[in-house]
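Worksheet: one structure, shown below.
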Amino acid sequence: MHEATRLIHSGMDIPLADGSPRTVAPVIQKGSTVLLPNAAALYDDDAFVTYGRQGLASHEALKSALCDLEHATGVELYPSGVAAMTGAMLAVLSAGDDILVVDTVYKPTRRFCDQVLKRLGIRTRYYDPGLTPESLLALAEQSTRLILVECPGSLSFEMQDLGAIARLARTRNILTLADNTWAAGYLFKPLDHGIDISVQALTKYVGGHSDVFMGSAAASDPVVAKHLSDGVLHLGWATSAEDAYEMLRGLRTLPTRLARHEASGLKVAQWLATQSEVQQVLHPALPGSPGHDLWRRDFAGSCGLFSVILKPATTLQVNAFLDALEIFGLGFSWGGFESLAIDCGPQLAVRAHCNAYPGPMVRLHIGLEDPDDLIQDLRRGLDTLHA
Ligand SMILES: *Cc1c(COP(=O)(O)O)cnc(C)c1O
């Protein structure tokens with residue numbers, strides 16, 4: 001069966017209470033207390049869900065569908081994508097550990113490393129995604145416990161050879177964790193390439209409507225999966241039954257929406273590449289873009305998120321370009337049905353390596369609108385650069 005077909009039906013076989021009518025969507029079951037059938041069951045956590053925080057019917061349906069999506073044996077849910085990243089790290093790290101984090105990592109992940117992990121006695125070193133897997137592993141020390149990758153990188157979309165990194169890390173007993181939000185668990189399967197933990201912000205493409213927060217972490221090795229589930233238990237995270245329901249609903253249409261985001265994204269990216277105000281388009285699926293060969297080898301497709309580097313312009317000019325857009329919203333996050341734009345400049349400043357580009361960088365999320373309207377909107381914006 002093709003994956004798009006499986007995702008339409010996955011998570012539908014969760015057992016119902018006797019006699020309840022079976023609907024297409026899961027039951028939204030809410031509860032803190034779970035009533036157990038007898039006294040022995042109160043402490044039989046292997047056979048029973050004993051407390052609502054562990055998740056009920058809609059959570060179970062979503063987790064089962066995400067296991068299908070990620071090719072995982074275990075998936076944990078978190079109240080946001082950031083919580084999934086921090087939760088996965090806290091589940092496997094200890095004081096005295098050293099971690100190697102890609103310099104193009106999502107900025108709030110970096111903030112967690114620099115502030116919280118540092119306070120807990122865990123050292124973070126940021127590496128250039130342009131390193132070969134061999135030179136990256138050459139940075140590892142005795143205390144290096146984890147390599148954190150994000151591919152393509154946030155904002156600037158650098159590609160890395162994740163399979164080679166995972167293989168080399170394994171020979172050194174170093175865990176690998178991928179923030180796979182760009183691929184939405186669908187366009188790239190980190191676990192199939194030997195990555196130990198695959199995280200995504202479901203908030204983005206799985207939710208698809210810019211209105212629900214949730215994150216997931218998936219593992220195929222049962223030992224790693226147990227670390228993740230213990231981590232959630234110890235930190236006490238819970239997600240709402242309605243949010244789990246909405247994420248599963250989003251999953252049904254993920255392949256259909258992604259195909260449209262991909263086609264429109266490439267159409268807009270190709271057009272931008274021919275505009276005189278544009279220095280370079282950073283879109284791994286665009287032939288000639290950096291990382292295109294690795295993308296073609298490893299990924300099954302692309303989404304609607306990419307960046308452009310403009311010819312040199314002032315911040316005032318970039319702001320005038322963004323302010324002239326009428327269809328694109330100005331806002332963070334992405335993966336919803338609507339198109340968005342941001343100036344990347346202030347976020348690049350914190351990086352150690354990937355911070356020098358030939359002009360201002362603007363990130364675009366191409367939504368589900370007609371791409372010709374989006375092109376017209378961008379042309380209107382680019383015209384202000386000459387004004
Ligand atoms: C948005 C995002 C996150 C965080 O997700 P939230 O649900 O907003 O906390 C993590 N990683 C990447 C790459 C993201 O784009």
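Identifiers in this document derive from the order of the structure tokens: chains are assigned A, B, ..., residues are numbered from 1 separately in each chain, and ligands are numbered from 1 in order of occurrence.
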Quick one: residues within 10 Å of ligand 1, with only C-alpha atoms and all ligand atoms, as a short mmCIF file (atom, residue, chain, number, x, y, z; two decimals) with all heavy atoms, in the first residue's frame?
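Final file, out_34.cif:
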```cif
data_model
loop_
_atom_site.label_atom_id
_atom_site.label_comp_id
_atom_site.auth_asym_id
_atom_site.auth_seq_id
_atom_site.Cartn_x
_atom_site.Cartn_y
_atom_site.Cartn_z
N TYR A 78 4.18 15.73 22.82
CA TYR A 78 4.58 16.85 23.69
C TYR A 78 3.70 18.05 23.36
O TYR A 78 3.19 18.16 22.25
CB TYR A 78 6.05 17.21 23.44
CG TYR A 78 7.01 16.05 23.59
CD1 TYR A 78 7.14 15.11 22.56
CD2 TYR A 78 7.76 15.88 24.75
CE1 TYR A 78 8.02 14.03 22.69
CE2 TYR A 78 8.64 14.80 24.88
CZ TYR A 78 8.76 13.88 23.85
OH TYR A 78 9.63 12.83 23.98
N PRO A 79 3.57 18.98 24.33
CA PRO A 79 2.65 20.11 24.09
C PRO A 79 3.09 21.11 23.03
O PRO A 79 2.32 22.00 22.67
CB PRO A 79 2.52 20.77 25.47
CG PRO A 79 3.62 20.22 26.29
CD PRO A 79 4.05 18.93 25.70
N SER A 80 4.32 21.01 22.51
CA SER A 80 4.76 21.87 21.40
C SER A 80 5.96 21.21 20.75
O SER A 80 6.52 20.24 21.28
CB SER A 80 5.15 23.27 21.90
OG SER A 80 6.36 23.19 22.63
N GLY A 81 6.37 21.76 19.62
CA GLY A 81 7.58 21.26 18.96
C GLY A 81 8.81 21.51 19.80
O GLY A 81 9.71 20.66 19.89
N VAL A 82 8.88 22.69 20.42
CA VAL A 82 10.04 22.98 21.28
C VAL A 82 10.08 21.98 22.44
O VAL A 82 11.15 21.47 22.80
CB VAL A 82 9.98 24.43 21.81
CG1 VAL A 82 11.01 24.64 22.92
CG2 VAL A 82 10.25 25.41 20.68
N ALA A 83 8.92 21.68 23.02
CA ALA A 83 8.88 20.72 24.13
C ALA A 83 9.35 19.34 23.67
O ALA A 83 9.99 18.61 24.44
CB ALA A 83 7.47 20.63 24.72
N ALA A 84 9.07 18.98 22.41
CA ALA A 84 9.54 17.68 21.90
C ALA A 84 11.07 17.68 21.80
O ALA A 84 11.73 16.69 22.15
CB ALA A 84 8.91 17.38 20.54
N MET A 85 11.64 18.79 21.31
CA MET A 85 13.11 18.87 21.20
C MET A 85 13.74 18.83 22.59
O MET A 85 14.68 18.06 22.84
CB MET A 85 13.52 20.17 20.49
CG MET A 85 13.26 20.19 19.01
SD MET A 85 14.15 18.90 18.11
CE MET A 85 15.85 19.45 18.30
N THR A 86 13.25 19.67 23.51
CA THR A 86 13.86 19.74 24.83
C THR A 86 13.61 18.43 25.60
O THR A 86 14.49 17.94 26.31
CB THR A 86 13.33 20.94 25.64
OG1 THR A 86 11.92 20.79 25.83
CG2 THR A 86 13.59 22.24 24.91
N THR A 104 22.80 25.72 12.20
CA THR A 104 21.58 26.24 11.58
C THR A 104 20.34 25.72 12.30
O THR A 104 19.24 25.72 11.73
CB THR A 104 21.53 25.81 10.10
OG1 THR A 104 21.76 24.40 10.05
CG2 THR A 104 22.59 26.51 9.29
N VAL A 105 20.49 25.30 13.54
CA VAL A 105 19.37 24.74 14.31
C VAL A 105 18.32 25.83 14.57
O VAL A 105 18.63 27.03 14.65
CB VAL A 105 19.89 24.14 15.64
CG1 VAL A 105 20.29 25.23 16.64
CG2 VAL A 105 18.88 23.19 16.26
N TYR A 106 17.07 25.40 14.69
CA TYR A 106 15.95 26.28 15.05
C TYR A 106 16.32 27.08 16.30
O TYR A 106 16.79 26.52 17.29
CB TYR A 106 14.75 25.36 15.31
CG TYR A 106 13.47 26.02 15.75
CD1 TYR A 106 12.80 26.89 14.91
CD2 TYR A 106 12.92 25.72 16.98
CE1 TYR A 106 11.61 27.46 15.31
CE2 TYR A 106 11.72 26.29 17.39
CZ TYR A 106 11.07 27.17 16.54
OH TYR A 106 9.89 27.72 16.94
N LYS A 107 16.11 28.38 16.24
CA LYS A 107 16.70 29.25 17.26
C LYS A 107 16.25 28.94 18.71
O LYS A 107 17.08 28.96 19.62
CB LYS A 107 16.43 30.72 16.92
CG LYS A 107 17.32 31.66 17.69
CD LYS A 107 17.15 33.09 17.23
CE LYS A 107 17.51 34.05 18.34
NZ LYS A 107 16.66 35.24 18.33
N PRO A 108 14.98 28.63 18.97
CA PRO A 108 14.63 28.29 20.36
C PRO A 108 15.33 27.04 20.88
O PRO A 108 15.56 26.92 22.10
CB PRO A 108 13.10 28.09 20.28
CG PRO A 108 12.68 28.98 19.15
CD PRO A 108 13.79 28.83 18.14
N THR A 109 15.71 26.11 20.00
CA THR A 109 16.49 24.94 20.44
C THR A 109 17.87 25.40 20.92
O THR A 109 18.38 24.93 21.94
CB THR A 109 16.63 23.93 19.29
OG1 THR A 109 15.33 23.53 18.86
CG2 THR A 109 17.43 22.71 19.70
N GLU A 150 19.60 19.16 11.86
CA GLU A 150 18.35 19.67 11.31
C GLU A 150 18.62 19.86 9.84
O GLU A 150 19.52 20.61 9.46
CB GLU A 150 17.98 20.99 11.99
CG GLU A 150 16.59 21.46 11.60
CD GLU A 150 16.22 22.78 12.29
OE1 GLU A 150 16.54 22.95 13.48
OE2 GLU A 150 15.63 23.63 11.61
N CYS A 151 17.86 19.17 9.01
CA CYS A 151 18.23 19.08 7.59
C CYS A 151 16.96 19.10 6.74
O CYS A 151 16.16 18.19 6.88
CB CYS A 151 19.02 17.80 7.37
SG CYS A 151 19.49 17.52 5.69
N PRO A 152 16.77 20.11 5.88
CA PRO A 152 17.63 21.27 5.70
C PRO A 152 17.60 22.17 6.93
O PRO A 152 16.69 22.11 7.73
CB PRO A 152 17.01 21.98 4.49
CG PRO A 152 15.62 21.49 4.39
CD PRO A 152 15.59 20.13 4.98
N GLY A 153 18.66 23.00 7.06
CA GLY A 153 18.79 23.86 8.23
C GLY A 153 17.73 24.94 8.26
O GLY A 153 17.21 25.35 7.21
N SER A 154 17.41 25.43 9.47
CA SER A 154 16.44 26.51 9.61
C SER A 154 16.94 27.74 8.84
O SER A 154 18.13 28.05 8.84
CB SER A 154 16.26 26.89 11.08
OG SER A 154 15.19 26.15 11.65
N LEU A 155 16.05 28.40 8.17
CA LEU A 155 16.24 29.69 7.46
C LEU A 155 17.12 29.58 6.22
O LEU A 155 16.77 30.09 5.17
CB LEU A 155 16.82 30.77 8.38
CG LEU A 155 16.07 31.03 9.69
CD1 LEU A 155 16.82 32.06 10.54
CD2 LEU A 155 14.63 31.51 9.44
N ALA A 178 17.32 14.10 15.01
CA ALA A 178 17.03 14.99 13.88
C ALA A 178 15.75 15.78 14.15
O ALA A 178 14.73 15.20 14.53
CB ALA A 178 16.87 14.18 12.60
N ASP A 179 15.82 17.09 13.96
CA ASP A 179 14.60 17.90 13.90
C ASP A 179 14.14 17.83 12.45
O ASP A 179 14.73 18.43 11.55
CB ASP A 179 14.90 19.35 14.32
CG ASP A 179 13.63 20.21 14.33
OD1 ASP A 179 12.66 19.86 13.62
OD2 ASP A 179 13.61 21.22 15.05
N ASN A 180 13.09 17.04 12.22
CA ASN A 180 12.65 16.71 10.86
C ASN A 180 11.37 17.46 10.48
O ASN A 180 10.57 16.98 9.67
CB ASN A 180 12.43 15.18 10.80
CG ASN A 180 12.28 14.65 9.39
OD1 ASN A 180 12.99 15.08 8.48
ND2 ASN A 180 11.34 13.74 9.20
N THR A 181 11.18 18.64 11.05
CA THR A 181 9.93 19.37 10.84
C THR A 181 9.70 19.74 9.38
O THR A 181 8.58 19.66 8.87
CB THR A 181 9.90 20.64 11.73
OG1 THR A 181 10.06 20.22 13.10
CG2 THR A 181 8.61 21.41 11.59
N TRP A 182 10.76 20.13 8.65
CA TRP A 182 10.62 20.52 7.23
C TRP A 182 10.01 19.37 6.42
O TRP A 182 9.18 19.58 5.55
CB TRP A 182 11.99 20.92 6.67
CG TRP A 182 11.96 21.58 5.32
CD1 TRP A 182 11.76 22.90 5.06
CD2 TRP A 182 12.18 20.95 4.04
NE1 TRP A 182 11.83 23.14 3.71
CE2 TRP A 182 12.09 21.97 3.06
CE3 TRP A 182 12.46 19.65 3.62
CZ2 TRP A 182 12.27 21.71 1.68
CZ3 TRP A 182 12.62 19.39 2.27
CH2 TRP A 182 12.53 20.42 1.31
N ALA A 183 10.45 18.15 6.70
CA ALA A 183 9.98 16.98 5.93
C ALA A 183 8.67 16.42 6.47
O ALA A 183 8.09 15.52 5.87
CB ALA A 183 11.05 15.90 5.92
N ALA A 184 8.20 16.96 7.62
CA ALA A 184 6.90 16.57 8.19
C ALA A 184 6.78 15.06 8.42
O ALA A 184 5.68 14.52 8.44
CB ALA A 184 5.76 17.05 7.28
N VAL A 199 12.39 13.98 15.58
CA VAL A 199 11.46 14.92 16.23
C VAL A 199 10.79 15.76 15.15
O VAL A 199 11.42 16.10 14.15
CB VAL A 199 12.23 15.84 17.21
CG1 VAL A 199 11.37 17.01 17.65
CG2 VAL A 199 12.69 15.05 18.43
N GLN A 200 9.52 16.07 15.34
CA GLN A 200 8.95 17.11 14.50
C GLN A 200 7.94 17.96 15.28
O GLN A 200 7.30 17.50 16.22
CB GLN A 200 8.35 16.56 13.21
CG GLN A 200 7.09 15.76 13.35
CD GLN A 200 6.29 15.76 12.02
OE1 GLN A 200 6.16 16.78 11.36
NE2 GLN A 200 5.77 14.59 11.67
N ALA A 201 7.87 19.22 14.85
CA ALA A 201 6.82 20.11 15.34
C ALA A 201 5.58 19.79 14.52
O ALA A 201 5.47 20.22 13.36
CB ALA A 201 7.24 21.57 15.19
N LEU A 202 4.66 19.04 15.10
CA LEU A 202 3.40 18.72 14.41
C LEU A 202 2.60 20.00 14.16
O LEU A 202 1.73 20.04 13.27
CB LEU A 202 2.57 17.75 15.27
CG LEU A 202 3.24 16.41 15.61
CD1 LEU A 202 2.44 15.67 16.68
CD2 LEU A 202 3.38 15.53 14.38
N THR A 203 2.90 21.02 14.96
CA THR A 203 2.31 22.35 14.80
C THR A 203 2.34 22.83 13.35
O THR A 203 1.46 23.58 12.92
CB THR A 203 3.15 23.35 15.66
OG1 THR A 203 3.32 22.81 16.96
CG2 THR A 203 2.50 24.71 15.74
N LYS A 204 3.36 22.41 12.60
CA LYS A 204 3.57 22.94 11.26
C LYS A 204 2.69 22.19 10.25
O LYS A 204 1.51 22.45 10.17
CB LYS A 204 5.06 22.86 10.91
CG LYS A 204 5.96 23.56 11.94
CD LYS A 204 5.82 25.07 11.92
CE LYS A 204 6.41 25.78 13.12
NZ LYS A 204 7.82 25.54 13.37
N TYR A 205 3.25 21.27 9.48
CA TYR A 205 2.46 20.69 8.38
C TYR A 205 1.42 19.66 8.82
O TYR A 205 0.41 19.49 8.15
CB TYR A 205 3.38 20.06 7.33
CG TYR A 205 3.95 21.09 6.39
CD1 TYR A 205 5.32 21.31 6.33
CD2 TYR A 205 3.12 21.85 5.56
CE1 TYR A 205 5.85 22.26 5.47
CE2 TYR A 205 3.64 22.79 4.71
CZ TYR A 205 5.00 23.00 4.66
OH TYR A 205 5.52 23.94 3.82
N GLY A 207 -0.46 19.61 11.61
CA GLY A 207 -1.63 20.41 11.99
C GLY A 207 -2.19 21.11 10.75
O GLY A 207 -3.37 21.01 10.44
N SER A 210 -2.28 26.26 11.34
CA SER A 210 -1.72 27.34 12.17
C SER A 210 -2.54 27.61 13.43
O SER A 210 -2.67 28.76 13.85
CB SER A 210 -1.61 28.64 11.35
OG SER A 210 -0.90 28.40 10.17
N VAL A 212 -2.89 24.84 16.19
CA VAL A 212 -2.70 23.86 17.27
C VAL A 212 -1.20 23.63 17.49
O VAL A 212 -0.45 23.51 16.53
CB VAL A 212 -3.32 22.47 16.92
CG1 VAL A 212 -3.38 21.60 18.17
CG2 VAL A 212 -4.69 22.61 16.31
N PHE A 213 -0.80 23.55 18.76
CA PHE A 213 0.59 23.21 19.09
C PHE A 213 0.71 21.74 19.46
O PHE A 213 -0.09 21.22 20.25
CB PHE A 213 1.05 24.01 20.32
CG PHE A 213 1.49 25.41 20.02
CD1 PHE A 213 0.68 26.49 20.32
CD2 PHE A 213 2.73 25.64 19.44
CE1 PHE A 213 1.10 27.78 20.07
CE2 PHE A 213 3.15 26.94 19.17
CZ PHE A 213 2.33 28.01 19.48
N MET A 214 1.72 21.08 18.94
CA MET A 214 2.08 19.75 19.44
C MET A 214 3.40 19.34 18.80
O MET A 214 3.75 19.82 17.72
CB MET A 214 1.00 18.71 19.12
CG MET A 214 1.11 17.46 19.99
SD MET A 214 -0.22 16.27 19.71
CE MET A 214 -1.53 17.03 20.63
N GLY A 215 4.14 18.48 19.50
CA GLY A 215 5.37 17.95 18.95
C GLY A 215 5.43 16.45 19.17
O GLY A 215 4.70 15.91 20.01
N SER A 216 6.28 15.77 18.40
CA SER A 216 6.44 14.33 18.59
C SER A 216 7.92 13.97 18.54
O SER A 216 8.71 14.65 17.90
CB SER A 216 5.68 13.55 17.51
OG SER A 216 6.21 13.84 16.23
N LEU A 305 8.46 25.69 2.13
CA LEU A 305 9.29 26.61 2.92
C LEU A 305 10.68 26.74 2.32
O LEU A 305 11.40 25.73 2.19
CB LEU A 305 9.41 26.10 4.36
CG LEU A 305 10.03 27.10 5.33
CD1 LEU A 305 9.02 28.17 5.71
CD2 LEU A 305 10.56 26.41 6.57
N PHE A 332 5.66 34.42 12.26
CA PHE A 332 6.48 33.23 12.47
C PHE A 332 5.62 31.98 12.33
O PHE A 332 4.41 32.06 12.19
CB PHE A 332 7.16 33.29 13.84
CG PHE A 332 8.15 34.42 13.91
CD1 PHE A 332 7.83 35.62 14.52
CD2 PHE A 332 9.38 34.30 13.29
CE1 PHE A 332 8.73 36.67 14.56
CE2 PHE A 332 10.30 35.35 13.32
CZ PHE A 332 9.97 36.55 13.95
N SER A 333 6.28 30.85 12.46
CA SER A 333 5.69 29.54 12.21
C SER A 333 5.39 29.40 10.72
O SER A 333 5.62 30.34 9.94
CB SER A 333 4.45 29.31 13.05
OG SER A 333 4.24 27.92 13.18
N TRP A 334 4.95 28.21 10.32
CA TRP A 334 4.69 27.91 8.91
C TRP A 334 4.03 26.55 8.85
O TRP A 334 3.81 25.93 9.90
CB TRP A 334 5.99 27.93 8.09
CG TRP A 334 7.18 27.26 8.76
CD1 TRP A 334 8.03 27.83 9.65
CD2 TRP A 334 7.61 25.90 8.61
NE1 TRP A 334 8.97 26.93 10.06
CE2 TRP A 334 8.75 25.73 9.44
CE3 TRP A 334 7.18 24.81 7.85
CZ2 TRP A 334 9.44 24.52 9.53
CZ3 TRP A 334 7.87 23.61 7.94
CH2 TRP A 334 8.99 23.48 8.78
N GLY A 335 3.68 26.09 7.66
CA GLY A 335 3.06 24.77 7.53
C GLY A 335 1.56 24.85 7.43
O GLY A 335 0.89 23.84 7.20
#
```
What's around A:Leu137 at 9 Å? Count only C-alpha atoms, leave out sequence neighbours fewer than 6 positions away in its own chain, and write the answer as a PDB file with N, CA, C and O atoms, in the first residue's frame.
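To be explicit, this is the file written out as part-v2.pdb:
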```
ATOM      1  N   ILE A 165      26.294  10.504   8.744  1.00  0.00           N
ATOM      2  CA  ILE A 165      26.520  11.000  10.112  1.00  0.00           C
ATOM      3  C   ILE A 165      26.034   9.957  11.130  1.00  0.00           C
ATOM      4  O   ILE A 165      26.728   9.638  12.102  1.00  0.00           O
ATOM      5  N   LEU A 168      28.460   6.886  11.270  1.00  0.00           N
ATOM      6  CA  LEU A 168      29.723   7.165  11.973  1.00  0.00           C
ATOM      7  C   LEU A 168      29.475   7.377  13.467  1.00  0.00           C
ATOM      8  O   LEU A 168      30.271   6.944  14.303  1.00  0.00           O
ATOM      9  N   ALA A 169      28.379   8.061  13.801  1.00  0.00           N
ATOM     10  CA  ALA A 169      28.084   8.324  15.215  1.00  0.00           C
ATOM     11  C   ALA A 169      27.881   7.009  15.958  1.00  0.00           C
ATOM     12  O   ALA A 169      28.325   6.838  17.097  1.00  0.00           O
ATOM     13  N   ARG A 172      30.765   5.288  17.337  1.00  0.00           N
ATOM     14  CA  ARG A 172      31.365   5.943  18.512  1.00  0.00           C
ATOM     15  C   ARG A 172      30.403   5.955  19.700  1.00  0.00           C
ATOM     16  O   ARG A 172      30.640   6.661  20.682  1.00  0.00           O
TER      17      ARG A 172
END
```
Using DSSP on the backbone coordinates, identify the residues of stretch 41-161 of chain A assigned to helix (DSSP H, G or I); present them as a VMD selection string. chain A and resid 41 to 43 52 to 54 57 to 70 81 to 92 107 to 119 133 to 138
Using only N, CA and C atoms, please write the residues we just selected to a file, as a compact mmCIF listing (two decimals), in the first residue's frame.
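And here's part-v3.txt as it stands now:
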```txt
# COMPACT_ATOMS: atom_id res chain seq x y z
N ALA A 41 -5.44 -4.14 39.41
CA ALA A 41 -5.17 -3.35 38.20
C ALA A 41 -4.63 -1.96 38.51
N LEU A 42 -4.90 -1.45 39.75
CA LEU A 42 -4.46 -0.10 40.11
C LEU A 42 -2.96 0.09 39.88
N TYR A 43 -2.18 -0.95 40.13
CA TYR A 43 -0.72 -0.84 40.03
C TYR A 43 -0.15 -1.68 38.88
N GLY A 52 -4.88 9.46 33.30
CA GLY A 52 -5.17 10.15 32.04
C GLY A 52 -4.00 10.88 31.42
N ARG A 53 -3.01 11.26 32.23
CA ARG A 53 -1.87 11.98 31.68
C ARG A 53 -1.12 11.14 30.64
N GLN A 54 -1.22 9.83 30.76
CA GLN A 54 -0.54 8.94 29.80
C GLN A 54 -1.18 9.02 28.41
N ALA A 57 -7.97 7.81 24.29
CA ALA A 57 -8.27 7.25 22.96
C ALA A 57 -7.67 8.04 21.79
N SER A 58 -7.86 9.36 21.77
CA SER A 58 -7.37 10.11 20.59
C SER A 58 -5.84 10.17 20.57
N HIS A 59 -5.22 10.19 21.75
CA HIS A 59 -3.75 10.16 21.79
C HIS A 59 -3.23 8.84 21.25
N GLU A 60 -3.91 7.77 21.66
CA GLU A 60 -3.46 6.45 21.24
C GLU A 60 -3.57 6.30 19.72
N ALA A 61 -4.68 6.82 19.17
CA ALA A 61 -4.87 6.76 17.72
C ALA A 61 -3.79 7.57 17.00
N LEU A 62 -3.50 8.76 17.53
CA LEU A 62 -2.48 9.60 16.88
C LEU A 62 -1.10 8.95 16.97
N LYS A 63 -0.76 8.42 18.16
CA LYS A 63 0.56 7.79 18.31
C LYS A 63 0.72 6.61 17.37
N SER A 64 -0.35 5.84 17.24
CA SER A 64 -0.27 4.69 16.35
C SER A 64 -0.06 5.14 14.90
N ALA A 65 -0.76 6.21 14.49
CA ALA A 65 -0.59 6.72 13.12
C ALA A 65 0.81 7.30 12.93
N LEU A 66 1.35 7.96 13.96
CA LEU A 66 2.69 8.54 13.83
C LEU A 66 3.76 7.45 13.79
N CYS A 67 3.52 6.34 14.49
CA CYS A 67 4.45 5.20 14.39
C CYS A 67 4.51 4.72 12.94
N ASP A 68 3.35 4.63 12.29
CA ASP A 68 3.30 4.28 10.87
C ASP A 68 4.10 5.26 10.03
N LEU A 69 3.86 6.56 10.30
CA LEU A 69 4.49 7.61 9.49
C LEU A 69 6.00 7.58 9.63
N GLU A 70 6.48 7.43 10.87
CA GLU A 70 7.92 7.56 11.15
C GLU A 70 8.67 6.23 11.02
N GLY A 81 6.37 21.76 19.62
CA GLY A 81 7.58 21.26 18.96
C GLY A 81 8.81 21.51 19.80
N VAL A 82 8.88 22.69 20.42
CA VAL A 82 10.04 22.98 21.28
C VAL A 82 10.08 21.98 22.44
N ALA A 83 8.92 21.68 23.02
CA ALA A 83 8.88 20.72 24.13
C ALA A 83 9.35 19.34 23.67
N ALA A 84 9.07 18.98 22.41
CA ALA A 84 9.54 17.68 21.90
C ALA A 84 11.07 17.68 21.80
N MET A 85 11.64 18.79 21.31
CA MET A 85 13.11 18.87 21.20
C MET A 85 13.74 18.83 22.59
N THR A 86 13.25 19.67 23.51
CA THR A 86 13.86 19.74 24.83
C THR A 86 13.61 18.43 25.60
N GLY A 87 12.42 17.86 25.41
CA GLY A 87 12.09 16.61 26.10
C GLY A 87 12.96 15.47 25.63
N ALA A 88 13.19 15.40 24.32
CA ALA A 88 14.03 14.32 23.79
C ALA A 88 15.46 14.47 24.29
N MET A 89 15.94 15.71 24.35
CA MET A 89 17.32 15.92 24.83
C MET A 89 17.43 15.57 26.32
N LEU A 90 16.48 16.07 27.12
CA LEU A 90 16.55 15.77 28.56
C LEU A 90 16.41 14.27 28.84
N ALA A 91 15.75 13.56 27.92
CA ALA A 91 15.54 12.12 28.14
C ALA A 91 16.84 11.32 27.99
N VAL A 92 17.82 11.86 27.27
CA VAL A 92 19.03 11.06 27.01
C VAL A 92 20.32 11.70 27.53
N LYS A 107 16.11 28.38 16.24
CA LYS A 107 16.70 29.25 17.26
C LYS A 107 16.25 28.94 18.71
N PRO A 108 14.98 28.63 18.97
CA PRO A 108 14.63 28.29 20.36
C PRO A 108 15.33 27.04 20.88
N THR A 109 15.71 26.11 20.00
CA THR A 109 16.49 24.94 20.44
C THR A 109 17.87 25.40 20.92
N ARG A 110 18.43 26.35 20.17
CA ARG A 110 19.73 26.90 20.55
C ARG A 110 19.66 27.60 21.91
N ARG A 111 18.57 28.34 22.11
CA ARG A 111 18.39 29.06 23.38
C ARG A 111 18.34 28.06 24.55
N PHE A 112 17.66 26.94 24.35
CA PHE A 112 17.58 25.89 25.39
C PHE A 112 18.98 25.35 25.70
N CYS A 113 19.75 25.07 24.64
CA CYS A 113 21.11 24.54 24.85
C CYS A 113 21.96 25.56 25.62
N ASP A 114 21.89 26.83 25.19
CA ASP A 114 22.77 27.86 25.76
C ASP A 114 22.38 28.22 27.18
N GLN A 115 21.10 28.08 27.51
CA GLN A 115 20.68 28.54 28.83
C GLN A 115 20.40 27.37 29.77
N VAL A 116 19.55 26.44 29.36
CA VAL A 116 19.16 25.37 30.29
C VAL A 116 20.21 24.26 30.36
N LEU A 117 20.61 23.74 29.21
CA LEU A 117 21.60 22.64 29.24
C LEU A 117 22.90 23.11 29.89
N LYS A 118 23.28 24.35 29.60
CA LYS A 118 24.52 24.89 30.18
C LYS A 118 24.41 24.86 31.70
N ARG A 119 23.25 25.31 32.23
CA ARG A 119 23.05 25.35 33.68
C ARG A 119 23.09 23.95 34.28
N PRO A 133 30.77 14.47 7.00
CA PRO A 133 30.46 13.65 8.18
C PRO A 133 31.74 13.24 8.93
N GLU A 134 32.83 12.98 8.21
CA GLU A 134 34.08 12.58 8.86
C GLU A 134 34.64 13.73 9.70
N SER A 135 34.64 14.95 9.14
CA SER A 135 35.18 16.08 9.94
C SER A 135 34.26 16.40 11.11
N LEU A 136 32.97 16.19 10.94
CA LEU A 136 32.07 16.40 12.08
C LEU A 136 32.40 15.42 13.20
N LEU A 137 32.55 14.14 12.84
CA LEU A 137 32.84 13.13 13.88
C LEU A 137 34.22 13.34 14.50
N ALA A 138 35.12 13.99 13.73
CA ALA A 138 36.45 14.27 14.28
C ALA A 138 36.36 15.27 15.44
```
A:Met159, A:Leu348, A:Ala4, A:Ala241: which is nearest A:Pro284, counting only C-alpha atoms? A:Met159
Might you pull out every residue within 12 Å of A:Pro287, with only C-alpha atoms counted and same-chain residues fewer than 3 positions away left off, and present them as a ChimeraX atom specification? /A:266,269-270,273,281-284,290-296
Of A:Ala95, A:Leu162, A:Leu286, A:Val27, the one nearest to A:Tyr245 when counting only C-alpha atoms is A:Val27
Nearest-residue call for A:Thr124, choices A:Met247, A:Lys311, A:Gln142, A:Val101, using only C-alpha atoms: A:Val101
DSSP on the backbone, then: every residue of stretch 111-336 of chain A marked strand (DSSP E), written as a PyMOL selection string. chain A and resi 123-127+144-150+175-179+197-201+215-219+278-282+305-310+329-330
